[in-house]
>>> print(open('protein-v7.cif').read())   # mmCIF, N, CA and C atoms and all ligand atoms
data_protein
loop_
_atom_site.label_atom_id
_atom_site.label_comp_id
_atom_site.auth_asym_id
_atom_site.auth_seq_id
_atom_site.Cartn_x
_atom_site.Cartn_y
_atom_site.Cartn_z
N MET A 25 -32.06 -7.54 47.63
CA MET A 25 -32.37 -8.76 46.90
C MET A 25 -32.46 -8.45 45.41
N LYS A 26 -31.89 -9.35 44.60
CA LYS A 26 -31.95 -9.20 43.15
C LYS A 26 -32.63 -10.42 42.55
N ARG A 27 -33.55 -10.20 41.67
CA ARG A 27 -34.13 -11.31 40.90
C ARG A 27 -33.23 -11.55 39.68
N ARG A 28 -32.69 -12.77 39.55
CA ARG A 28 -31.75 -13.07 38.47
C ARG A 28 -32.25 -14.21 37.59
N THR A 29 -33.54 -14.39 37.57
CA THR A 29 -34.15 -15.49 36.83
C THR A 29 -33.82 -15.43 35.35
N SER A 30 -33.98 -14.28 34.73
CA SER A 30 -33.77 -14.22 33.28
C SER A 30 -32.32 -14.52 32.92
N GLU A 31 -31.40 -14.08 33.73
CA GLU A 31 -29.98 -14.35 33.51
C GLU A 31 -29.70 -15.86 33.55
N GLN A 32 -30.26 -16.53 34.55
CA GLN A 32 -30.06 -17.97 34.69
C GLN A 32 -30.78 -18.74 33.59
N ARG A 33 -31.95 -18.28 33.22
CA ARG A 33 -32.68 -18.96 32.14
C ARG A 33 -31.93 -18.85 30.83
N THR A 34 -31.21 -17.79 30.64
CA THR A 34 -30.42 -17.62 29.43
C THR A 34 -29.21 -18.55 29.44
N ARG A 35 -28.59 -18.69 30.60
CA ARG A 35 -27.35 -19.47 30.70
C ARG A 35 -27.58 -20.96 30.81
N LEU A 36 -28.61 -21.36 31.57
CA LEU A 36 -28.77 -22.76 31.95
C LEU A 36 -29.82 -23.49 31.14
N GLU A 37 -29.45 -24.68 30.67
CA GLU A 37 -30.41 -25.61 30.08
C GLU A 37 -30.90 -26.60 31.12
N ALA A 38 -30.04 -26.91 32.06
CA ALA A 38 -30.39 -27.90 33.09
C ALA A 38 -29.47 -27.71 34.29
N HIS A 39 -29.91 -28.26 35.40
CA HIS A 39 -29.10 -28.25 36.61
C HIS A 39 -29.16 -29.64 37.22
N VAL A 40 -27.99 -30.23 37.45
CA VAL A 40 -27.91 -31.57 38.05
C VAL A 40 -27.63 -31.40 39.54
N PHE A 41 -28.47 -32.01 40.35
CA PHE A 41 -28.29 -32.01 41.80
C PHE A 41 -27.95 -33.43 42.23
N VAL A 42 -26.82 -33.56 42.89
CA VAL A 42 -26.36 -34.88 43.35
C VAL A 42 -26.38 -34.90 44.87
N CYS A 43 -27.06 -35.87 45.42
CA CYS A 43 -27.13 -35.96 46.88
C CYS A 43 -25.81 -36.46 47.44
N THR A 44 -25.30 -35.74 48.43
CA THR A 44 -24.11 -36.18 49.16
C THR A 44 -24.40 -36.17 50.66
N ASN A 45 -25.65 -36.31 50.99
CA ASN A 45 -26.10 -36.21 52.38
C ASN A 45 -25.47 -37.30 53.26
N ALA A 46 -25.02 -36.87 54.43
CA ALA A 46 -24.50 -37.80 55.43
C ALA A 46 -25.44 -37.81 56.62
N ARG A 47 -25.51 -38.92 57.29
CA ARG A 47 -26.32 -38.96 58.51
C ARG A 47 -25.68 -39.92 59.50
N ASP A 48 -25.93 -39.64 60.77
CA ASP A 48 -25.40 -40.47 61.86
C ASP A 48 -26.45 -41.47 62.29
N SER A 49 -26.73 -42.41 61.44
CA SER A 49 -27.66 -43.48 61.81
C SER A 49 -27.36 -44.67 60.91
N ASP A 50 -28.06 -45.74 61.14
CA ASP A 50 -27.85 -46.93 60.32
C ASP A 50 -28.58 -46.83 58.98
N TYR A 51 -29.43 -45.80 58.83
CA TYR A 51 -30.18 -45.65 57.59
C TYR A 51 -29.25 -45.24 56.46
N ALA A 52 -29.49 -45.76 55.26
CA ALA A 52 -28.62 -45.49 54.12
C ALA A 52 -28.54 -44.00 53.82
N CYS A 53 -27.37 -43.56 53.37
CA CYS A 53 -27.22 -42.17 52.94
C CYS A 53 -26.23 -42.11 51.79
N CYS A 54 -26.38 -41.06 50.98
CA CYS A 54 -25.59 -40.94 49.76
C CYS A 54 -24.11 -40.66 50.05
N ALA A 55 -23.81 -40.04 51.18
CA ALA A 55 -22.40 -39.83 51.51
C ALA A 55 -21.68 -41.16 51.61
N ASP A 56 -22.34 -42.15 52.18
CA ASP A 56 -21.73 -43.48 52.32
C ASP A 56 -21.83 -44.30 51.04
N ALA A 57 -22.64 -43.85 50.10
CA ALA A 57 -22.88 -44.61 48.87
C ALA A 57 -22.17 -43.99 47.67
N GLY A 58 -21.20 -43.13 47.92
CA GLY A 58 -20.39 -42.61 46.83
C GLY A 58 -20.90 -41.33 46.20
N GLY A 59 -21.70 -40.56 46.91
CA GLY A 59 -22.28 -39.36 46.33
C GLY A 59 -21.24 -38.36 45.83
N ALA A 60 -20.17 -38.16 46.58
CA ALA A 60 -19.15 -37.19 46.16
C ALA A 60 -18.48 -37.65 44.87
N ALA A 61 -18.25 -38.94 44.75
CA ALA A 61 -17.63 -39.46 43.53
C ALA A 61 -18.58 -39.35 42.33
N VAL A 62 -19.86 -39.52 42.59
CA VAL A 62 -20.85 -39.33 41.52
C VAL A 62 -20.84 -37.88 41.06
N ALA A 63 -20.83 -36.95 42.00
CA ALA A 63 -20.79 -35.52 41.63
C ALA A 63 -19.54 -35.21 40.81
N ASP A 64 -18.41 -35.76 41.21
CA ASP A 64 -17.16 -35.56 40.44
C ASP A 64 -17.30 -36.13 39.03
N ALA A 65 -17.92 -37.29 38.92
CA ALA A 65 -18.10 -37.91 37.60
C ALA A 65 -19.00 -37.07 36.72
N VAL A 66 -20.04 -36.47 37.30
CA VAL A 66 -20.93 -35.59 36.54
C VAL A 66 -20.15 -34.37 36.03
N ARG A 67 -19.40 -33.75 36.92
CA ARG A 67 -18.62 -32.57 36.51
C ARG A 67 -17.62 -32.94 35.43
N ASP A 68 -16.92 -34.07 35.60
CA ASP A 68 -15.92 -34.48 34.62
C ASP A 68 -16.55 -34.69 33.24
N TRP A 69 -17.68 -35.39 33.22
CA TRP A 69 -18.35 -35.68 31.95
C TRP A 69 -18.73 -34.38 31.25
N LEU A 70 -19.25 -33.44 31.99
CA LEU A 70 -19.66 -32.15 31.40
C LEU A 70 -18.44 -31.33 30.97
N ARG A 71 -17.41 -31.32 31.80
CA ARG A 71 -16.19 -30.57 31.43
C ARG A 71 -15.61 -31.09 30.12
N GLU A 72 -15.61 -32.42 29.98
CA GLU A 72 -15.04 -33.01 28.76
C GLU A 72 -15.82 -32.60 27.52
N ARG A 73 -17.02 -32.11 27.70
CA ARG A 73 -17.87 -31.70 26.58
C ARG A 73 -18.11 -30.19 26.58
N ASN A 74 -17.32 -29.49 27.39
CA ASN A 74 -17.40 -28.04 27.49
C ASN A 74 -18.81 -27.57 27.85
N ALA A 75 -19.44 -28.32 28.75
CA ALA A 75 -20.83 -28.01 29.11
C ALA A 75 -21.01 -27.82 30.61
N PHE A 76 -19.91 -27.64 31.33
CA PHE A 76 -19.99 -27.50 32.78
C PHE A 76 -20.29 -26.06 33.16
N TRP A 77 -21.34 -25.85 33.87
CA TRP A 77 -21.87 -24.57 34.37
C TRP A 77 -22.58 -23.77 33.29
N SER A 78 -22.11 -23.75 32.11
CA SER A 78 -22.91 -23.24 30.99
C SER A 78 -22.80 -24.27 29.89
N PRO A 79 -23.88 -24.94 29.62
CA PRO A 79 -25.26 -24.71 30.03
C PRO A 79 -25.79 -25.64 31.12
N VAL A 80 -24.93 -26.44 31.77
CA VAL A 80 -25.45 -27.35 32.80
C VAL A 80 -24.78 -27.04 34.13
N GLY A 81 -25.56 -26.65 35.10
CA GLY A 81 -25.07 -26.44 36.44
C GLY A 81 -25.03 -27.75 37.21
N VAL A 82 -24.16 -27.82 38.18
CA VAL A 82 -24.04 -29.00 39.04
C VAL A 82 -23.93 -28.53 40.48
N SER A 83 -24.73 -29.10 41.34
CA SER A 83 -24.65 -28.81 42.77
C SER A 83 -24.83 -30.08 43.56
N THR A 84 -24.16 -30.14 44.69
CA THR A 84 -24.45 -31.21 45.64
C THR A 84 -25.58 -30.72 46.53
N THR A 85 -26.31 -31.67 47.05
CA THR A 85 -27.48 -31.33 47.84
C THR A 85 -27.68 -32.32 48.98
N THR A 86 -28.58 -31.99 49.84
CA THR A 86 -28.94 -32.91 50.91
C THR A 86 -30.00 -33.88 50.38
N CYS A 87 -30.62 -34.60 51.29
CA CYS A 87 -31.45 -35.76 50.93
C CYS A 87 -32.54 -35.43 49.91
N LEU A 88 -32.59 -36.26 48.86
CA LEU A 88 -33.62 -36.15 47.83
C LEU A 88 -34.74 -37.15 48.05
N GLY A 89 -34.68 -37.89 49.13
CA GLY A 89 -35.74 -38.85 49.44
C GLY A 89 -35.65 -40.14 48.66
N LEU A 90 -34.47 -40.43 48.11
CA LEU A 90 -34.28 -41.66 47.33
C LEU A 90 -33.08 -42.44 47.87
N CYS A 91 -32.94 -42.45 49.16
CA CYS A 91 -31.77 -43.01 49.83
C CYS A 91 -31.60 -44.49 49.52
N SER A 92 -30.35 -44.87 49.31
CA SER A 92 -30.02 -46.27 49.05
C SER A 92 -28.58 -46.49 49.45
N GLU A 93 -28.29 -47.67 49.90
CA GLU A 93 -26.89 -47.98 50.20
C GLU A 93 -26.14 -48.42 48.94
N ASP A 94 -26.84 -48.52 47.83
CA ASP A 94 -26.23 -49.01 46.59
C ASP A 94 -25.79 -47.92 45.64
N GLY A 95 -25.96 -46.66 46.01
CA GLY A 95 -25.53 -45.57 45.14
C GLY A 95 -26.23 -44.29 45.52
N SER A 96 -25.82 -43.22 44.89
CA SER A 96 -26.34 -41.89 45.23
C SER A 96 -27.61 -41.57 44.46
N ALA A 97 -28.34 -40.59 44.96
CA ALA A 97 -29.50 -40.05 44.26
C ALA A 97 -29.10 -38.82 43.47
N LEU A 98 -29.81 -38.60 42.36
CA LEU A 98 -29.47 -37.51 41.46
C LEU A 98 -30.75 -37.05 40.78
N THR A 99 -30.89 -35.75 40.59
CA THR A 99 -32.02 -35.24 39.82
C THR A 99 -31.54 -34.22 38.81
N ILE A 100 -32.21 -34.17 37.67
CA ILE A 100 -31.91 -33.21 36.62
C ILE A 100 -33.13 -32.33 36.46
N GLN A 101 -32.94 -31.05 36.75
CA GLN A 101 -34.03 -30.08 36.68
C GLN A 101 -33.76 -29.04 35.60
N PRO A 102 -34.75 -28.45 34.98
CA PRO A 102 -36.19 -28.60 35.23
C PRO A 102 -36.81 -29.77 34.49
N ARG A 103 -36.00 -30.74 34.07
CA ARG A 103 -36.53 -31.86 33.30
C ARG A 103 -37.30 -32.86 34.15
N ASN A 104 -37.20 -32.71 35.46
CA ASN A 104 -37.94 -33.55 36.39
C ASN A 104 -37.57 -35.03 36.22
N GLU A 105 -36.27 -35.27 36.02
CA GLU A 105 -35.74 -36.64 35.95
C GLU A 105 -35.08 -36.97 37.28
N TRP A 106 -35.31 -38.18 37.76
CA TRP A 106 -34.84 -38.59 39.08
C TRP A 106 -34.22 -39.98 38.99
N PHE A 107 -33.09 -40.16 39.69
CA PHE A 107 -32.39 -41.44 39.69
C PHE A 107 -31.93 -41.77 41.10
N SER A 108 -31.90 -43.05 41.40
CA SER A 108 -31.27 -43.50 42.64
C SER A 108 -30.26 -44.58 42.30
N ASP A 109 -29.50 -44.98 43.28
CA ASP A 109 -28.52 -46.07 43.12
C ASP A 109 -27.49 -45.77 42.04
N VAL A 110 -27.16 -44.49 41.88
CA VAL A 110 -26.21 -44.10 40.84
C VAL A 110 -24.79 -44.29 41.36
N ARG A 111 -24.00 -44.98 40.58
CA ARG A 111 -22.57 -45.16 40.85
C ARG A 111 -21.78 -44.33 39.84
N PRO A 112 -20.56 -43.96 40.16
CA PRO A 112 -19.78 -43.16 39.22
C PRO A 112 -19.72 -43.78 37.82
N ASP A 113 -19.64 -45.09 37.76
CA ASP A 113 -19.58 -45.74 36.45
C ASP A 113 -20.88 -45.61 35.65
N ASP A 114 -21.97 -45.30 36.33
CA ASP A 114 -23.26 -45.13 35.64
C ASP A 114 -23.38 -43.76 34.97
N VAL A 115 -22.57 -42.81 35.42
CA VAL A 115 -22.77 -41.41 35.02
C VAL A 115 -22.65 -41.19 33.51
N PRO A 116 -21.63 -41.72 32.85
CA PRO A 116 -21.54 -41.45 31.40
C PRO A 116 -22.79 -41.89 30.63
N GLU A 117 -23.30 -43.07 30.92
CA GLU A 117 -24.50 -43.54 30.21
C GLU A 117 -25.72 -42.69 30.57
N LEU A 118 -25.85 -42.39 31.86
CA LEU A 118 -26.99 -41.58 32.30
C LEU A 118 -27.01 -40.22 31.61
N LEU A 119 -25.86 -39.54 31.60
CA LEU A 119 -25.82 -38.20 31.00
C LEU A 119 -25.90 -38.26 29.48
N ALA A 120 -25.32 -39.29 28.89
CA ALA A 120 -25.42 -39.43 27.43
C ALA A 120 -26.87 -39.66 27.02
N ASN A 121 -27.61 -40.44 27.80
CA ASN A 121 -29.02 -40.66 27.50
C ASN A 121 -29.82 -39.37 27.62
N GLU A 122 -29.44 -38.54 28.58
CA GLU A 122 -30.19 -37.31 28.83
C GLU A 122 -29.82 -36.18 27.87
N PHE A 123 -28.51 -36.01 27.65
CA PHE A 123 -28.03 -34.84 26.91
C PHE A 123 -27.48 -35.17 25.54
N GLY A 124 -27.36 -36.46 25.23
CA GLY A 124 -26.69 -36.89 24.00
C GLY A 124 -25.24 -37.21 24.29
N PRO A 125 -24.64 -38.16 23.54
CA PRO A 125 -23.27 -38.60 23.83
C PRO A 125 -22.26 -37.47 23.85
N ASP A 126 -22.46 -36.46 23.03
CA ASP A 126 -21.56 -35.32 23.00
C ASP A 126 -22.22 -34.06 23.56
N ALA A 127 -23.25 -34.27 24.40
CA ALA A 127 -24.00 -33.16 24.98
C ALA A 127 -24.63 -32.28 23.90
N GLU A 128 -24.97 -32.92 22.77
CA GLU A 128 -25.53 -32.15 21.65
C GLU A 128 -27.01 -31.81 21.84
N ARG A 129 -27.65 -32.43 22.83
CA ARG A 129 -29.08 -32.12 23.06
C ARG A 129 -29.24 -31.10 24.18
N LEU A 130 -28.37 -30.14 24.20
CA LEU A 130 -28.47 -29.07 25.19
C LEU A 130 -28.85 -27.78 24.48
S1 LIG B 201 -29.45 -39.42 51.62
FE1 LIG B 201 -29.35 -39.12 49.45
S2 LIG B 201 -31.40 -39.32 48.80
FE2 LIG B 201 -31.49 -39.49 50.95
#
>>> encode(input="protein-v7.cif", output="structure tokens")
Amino acid sequence: MKRRTSEQRTRLEAHVFVCTNARDSDYACCADAGGAAVADAVRDWLRERNAFWSPVGVSTTTCLGLCSEDGSALTIQPRNEWFSDVRPDDVPELLANEFGPDAERL
């Protein structure tokens, strides 16, 4: 086992986790609400600003406890920001509000 905390703290300003959880029930889940497309939109926005993976990581994740049929759940850590009902079209405004329009607040 290797502790790599200092390496990640040096590289990362934030990490975006997008729920893409699927479930076999009638209960809402982010897989059915466009979670994969939201994750793609997050990556695209960051890539366009040369901020993908350094300094902002992106991962898909399982349920964040904010399930909705109207969009995916997303959290930005360690900023402790949480969103639900996120659609791909919401991503540019959401990330611009968080990181600045040109990702200058990273
Ligand atoms: S399934 Fe995405 S928050 Fe629950």
>>> residues_near_ligand(input="protein-v7.cif", ligand="ligand LIG 201 (chain B)", cutoff="6.5 Å", atoms="all atoms listed in the file", output="PyMOL selection string")
chain A and resi 43-46+52-55+86-92+96-97
>>> residues_around(input="protein-v7.cif", residues="A:Ala63", least_positions_apart="2", cutoff="9 Å", atoms="only C-alpha atoms", output="PyMOL selection string")
chain A and resi 40-44+58-61+65-68+82-84+98+112
>>> atom_distance(input="protein-v7.cif", atom1="atom N of A:Leu36", atom2="atom C of A:Glu122")
15.3 Å
>>> closest_residue(input="protein-v7.cif", among="A:Asp50, A:Glu37, A:Glu31, A:Asp64", to="A:Arg103", atoms="all atoms listed in the file")
A:Glu37
>>> closest_residue(input="protein-v7.cif", among="A:Ile100, A:Arg33, A:Arg47, A:Val62", to="A:Asp113", atoms="all atoms listed in the file")
A:Val62
>>> atom_distance(input="protein-v7.cif", atom1="atom CA of A:Arg111", atom2="atom N of A:Trp69")
13.3 Å
>>> atom_distance(input="protein-v7.cif", atom1="atom C of A:Gly95", atom2="atom N of A:Ala57")
5.8 Å
>>> select_by_dssp(input="protein-v7.cif", residues="chain A", states="helix (DSSP H, G or I)", output="PyMOL selection string")
chain A and resi 29-35+59-72+112-123
>>> select_by_dssp(input="protein-v7.cif", residues="chain A", states="strand (DSSP E)", output="list in words")
Ala38, His39, Val40, Phe41, Val42, Cys43, Val80, Gly81, Val82, Ser83, Thr84, Thr85, Ser96, Ala97, Leu98, Thr99, Ile100, Gln101, Glu105, Trp106, Phe107, Ser108, Asp109 and Val110 of chain A
>>> write_last_selection(input="protein-v7.cif", atoms="N, CA and C atoms", output="short mmCIF file (atom, residue, chain, number, x, y, z; two decimals), in the frame of the given file")
data_model
loop_
_atom_site.label_atom_id
_atom_site.label_comp_id
_atom_site.auth_asym_id
_atom_site.auth_seq_id
_atom_site.Cartn_x
_atom_site.Cartn_y
_atom_site.Cartn_z
N ALA A 38 -30.04 -26.91 32.06
CA ALA A 38 -30.39 -27.90 33.09
C ALA A 38 -29.47 -27.71 34.29
N HIS A 39 -29.91 -28.26 35.40
CA HIS A 39 -29.10 -28.25 36.61
C HIS A 39 -29.16 -29.64 37.22
N VAL A 40 -27.99 -30.23 37.45
CA VAL A 40 -27.91 -31.57 38.05
C VAL A 40 -27.63 -31.40 39.54
N PHE A 41 -28.47 -32.01 40.35
CA PHE A 41 -28.29 -32.01 41.80
C PHE A 41 -27.95 -33.43 42.23
N VAL A 42 -26.82 -33.56 42.89
CA VAL A 42 -26.36 -34.88 43.35
C VAL A 42 -26.38 -34.90 44.87
N CYS A 43 -27.06 -35.87 45.42
CA CYS A 43 -27.13 -35.96 46.88
C CYS A 43 -25.81 -36.46 47.44
N VAL A 80 -24.93 -26.44 31.77
CA VAL A 80 -25.45 -27.35 32.80
C VAL A 80 -24.78 -27.04 34.13
N GLY A 81 -25.56 -26.65 35.10
CA GLY A 81 -25.07 -26.44 36.44
C GLY A 81 -25.03 -27.75 37.21
N VAL A 82 -24.16 -27.82 38.18
CA VAL A 82 -24.04 -29.00 39.04
C VAL A 82 -23.93 -28.53 40.48
N SER A 83 -24.73 -29.10 41.34
CA SER A 83 -24.65 -28.81 42.77
C SER A 83 -24.83 -30.08 43.56
N THR A 84 -24.16 -30.14 44.69
CA THR A 84 -24.45 -31.21 45.64
C THR A 84 -25.58 -30.72 46.53
N THR A 85 -26.31 -31.67 47.05
CA THR A 85 -27.48 -31.33 47.84
C THR A 85 -27.68 -32.32 48.98
N SER A 96 -25.82 -43.22 44.89
CA SER A 96 -26.34 -41.89 45.23
C SER A 96 -27.61 -41.57 44.46
N ALA A 97 -28.34 -40.59 44.96
CA ALA A 97 -29.50 -40.05 44.26
C ALA A 97 -29.10 -38.82 43.47
N LEU A 98 -29.81 -38.60 42.36
CA LEU A 98 -29.47 -37.51 41.46
C LEU A 98 -30.75 -37.05 40.78
N THR A 99 -30.89 -35.75 40.59
CA THR A 99 -32.02 -35.24 39.82
C THR A 99 -31.54 -34.22 38.81
N ILE A 100 -32.21 -34.17 37.67
CA ILE A 100 -31.91 -33.21 36.62
C ILE A 100 -33.13 -32.33 36.46
N GLN A 101 -32.94 -31.05 36.75
CA GLN A 101 -34.03 -30.08 36.68
C GLN A 101 -33.76 -29.04 35.60
N GLU A 105 -36.27 -35.27 36.02
CA GLU A 105 -35.74 -36.64 35.95
C GLU A 105 -35.08 -36.97 37.28
N TRP A 106 -35.31 -38.18 37.76
CA TRP A 106 -34.84 -38.59 39.08
C TRP A 106 -34.22 -39.98 38.99
N PHE A 107 -33.09 -40.16 39.69
CA PHE A 107 -32.39 -41.44 39.69
C PHE A 107 -31.93 -41.77 41.10
N SER A 108 -31.90 -43.05 41.40
CA SER A 108 -31.27 -43.50 42.64
C SER A 108 -30.26 -44.58 42.30
N ASP A 109 -29.50 -44.98 43.28
CA ASP A 109 -28.52 -46.07 43.12
C ASP A 109 -27.49 -45.77 42.04
N VAL A 110 -27.16 -44.49 41.88
CA VAL A 110 -26.21 -44.10 40.84
C VAL A 110 -24.79 -44.29 41.36
#
